[in-house]
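Chemist: Just dropping this structure here.
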Amino acid sequence: MSLTIRLLGTSASRPTIERNVSSVTIQREGETLMFDCGEGTQRQMMRYGISFALQDIFFTHMHADHLLGVIGLMRTMALQGRTDPLRLWGPRGSARVLSRAEGLGFERTTFPVEILELESGQHVDRSGYAIRAFSVEHRGAASIGYALVEEDRKGRFNPDLARELGIPEGPQWGQIHRGKPVTLDDGRVIEPSVLVGPERPGRTVVITGDTRPCAATIEASTNADLLVHEATFGDEEAQRAVETGHSTAREAAQVARAACVRRLVLTHISARYSREAVELDREAKQVFLETVVGEGRDGDRSAVSRRRVS
């Protein structure tokens, strides 16, 4: 089952020639979820092949560089005759801002827009996964991060061994795969562990939005497969990061190391750094080697593979 991250905008506060402002999508088995929607996101979607048919946009906070793009995106959806509902999710207090965005510039709304607020600790349950909200620390705005957490899957069933043991294909196979022993006609009892491998863990992807490094992010990201963490500044601007409620690349890497994540992607890069942001890359990798800075440029994608089980 595919799970792919695409960064549509990796710049902080304002766009640059190389980077647009904040937006991330997760594409999971044909479904697209968007996290933040900065100015110009709809053009990035067209450029990089992201469908406008998405059903959910999750906002980390209500600063302009994370939400202005939703106005144009909804406008385009209406012009295209969309009728399917669109759900907008955000932290406490976001409904007022998002309601104003919904009505701005519309001659006619062709589809329902549902606006929902989430508190830290709440989750949105979907088939096979959940989106969990957690607290982050960003000055001047109610802010949350999001973790997409897949359910664990049953272990693999061994059909060849089942046949060797004389278990006919049918209901008994399903019973064993569900964890229940079966008794054969000759009196043998076959335990599930004989035919079913270890449970296969689901994948976890965490998106922080804007934040200082914090314990809540470490907790939400523990053993995550991918952490997308903001890294607005380098070491030389560490005090500026504190003052503005942001993180340095080194601090983001320290969060990743503490959480034992598999991979770290840095985003929300200040315009003072080049497209490659070599300074940030170097400083982060001094702490956590499995780091990439915005996947190199807007539009690049990162597939999240499943962990192998023995």
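FYI, nothing fancy with the structure tokens labels: chains A, B, ... in order, residues from 1 per chain, ligands from 1 as they appear.
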Excluding same-chain residues fewer than 6 positions from region 2-17 of chain A, what lies within 7 Å of it counting only C-alpha atoms, as an MDAnalysis selection string?
Modeler: chainID A and resid 23:29 41 44 65 232 267:271 294 298:304
Chemist: Name the residues in contact with Ala224 (chain A) at a cut-off of 10 Å, using only C-alpha atoms, excluding same-chain residues fewer than 6 positions from it; report them as an MDAnalysis selection string.
Modeler: chainID A and resid 147:149 202:206 218 256 259:264
Chemist: Please list as a list in words every residue within 9 Å of region 160-167 of chain A, counting only C-alpha atoms and excluding residues in the same chain fewer than 6 positions away.
Modeler: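 Answer for this query is Trp173, Leu184, Ile190, Val194 and Leu195 of chain A.
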Chemist: Can you pull out every residue within 10 Å of Gln80 (chain A), counting only C-alpha atoms, but drop anything in the same chain fewer than 5 positions away, and send it as a ChimeraX atom specification?
Modeler: /A:52,74-75,110
Chemist: Based on DSSP run over this structure's backbone, return all residues of region 60-308 of chain A in helix (DSSP H, G or I), as a PyMOL selection string.
Modeler: chain A and resi 64-66+69-79+94-103+159-164+171-177+192-195+215-221+235-244+249-259+278-285+294-296
Chemist: If you count only C-alpha atoms, which residues fall within 6 Å of Leu266 (chain A), apart from same-chain ones fewer than 4 positions away, as a PDB file with C-alpha atoms, in the first residue's frame?
Modeler:
```pdb
ATOM      1  CA  VAL A 228       8.602  16.684   8.638  1.00  0.00           C
ATOM      2  CA  HIS A 229       9.942  19.366  10.979  1.00  0.00           C
ATOM      3  CA  GLU A 230      10.343  23.060  10.409  1.00  0.00           C
ATOM      4  CA  ALA A 231      13.898  24.427  10.298  1.00  0.00           C
ATOM      5  CA  VAL A 293      16.356  19.590   3.525  1.00  0.00           C
ATOM      6  CA  GLY A 294      13.004  20.023   1.810  1.00  0.00           C
TER       7      GLY A 294
END
```
Chemist: Go through A:Glu276, A:Asp281, A:Asp185, A:Glu151 one by one, measure the shortest atom-to-atom distance of each to Arg19 (chain A) using only C-alpha atoms, and give the residue with the smallest value.
Modeler: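 Nearest to Arg19 (chain A): A:Glu276.
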Chemist: Give me the residues within 12 Å of Asp84 (chain A) as a ChimeraX atom specification, counting only C-alpha atoms and dropping any in the same chain fewer than 6 places off.
Modeler: /A:52-56,74,77-78,109-114
Chemist: Can you list, as a PyMOL selection string, all residues belonging to region 49-287 of chain A that DSSP tags as strand (DSSP E)?
Modeler: chain A and resi 56-58+86-91+113-118+123-126+129-135+144-150+182-183+189-190+204-207+226-230+264-267
Chemist: Sorted by chain and rising residue number, list the residues of region 214-253 of chain A at most 8 Å from region 134-145 of chain A (counting only C-alpha atoms), each with its closest atom pair and distance in Å to one decimal, as CSV.
Modeler:
```
residue,atom,partner,partner_atom,distance
A:Cys214,CA,A:Val136,CA,6.7
A:Ala216,CA,A:Ser135,CA,6.1
A:Thr217,CA,A:Val136,CA,6.7
A:Ala220,CA,A:Phe134,CA,7.0
A:Thr244,CA,A:Arg139,CA,6.2
A:Gly245,CA,A:His138,CA,4.7
A:His246,CA,A:His138,CA,6.7
```
Chemist: Convert the current residue selection to file output with C-alpha atoms, as a tab-separated table (two decimals), in the first residue's frame.
Modeler:
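Result written to out31.tsv:
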```tsv
chain	number	residue	atom	x	y	z
A	214	CYS	CA	9.22	20.46	22.21
A	216	ALA	CA	5.09	16.85	22.58
A	217	THR	CA	6.67	16.53	19.14
A	220	ALA	CA	4.19	12.09	18.82
A	244	THR	CA	9.94	34.02	16.80
A	245	GLY	CA	8.87	30.58	17.99
A	246	HIS	CA	10.75	28.64	15.32
```
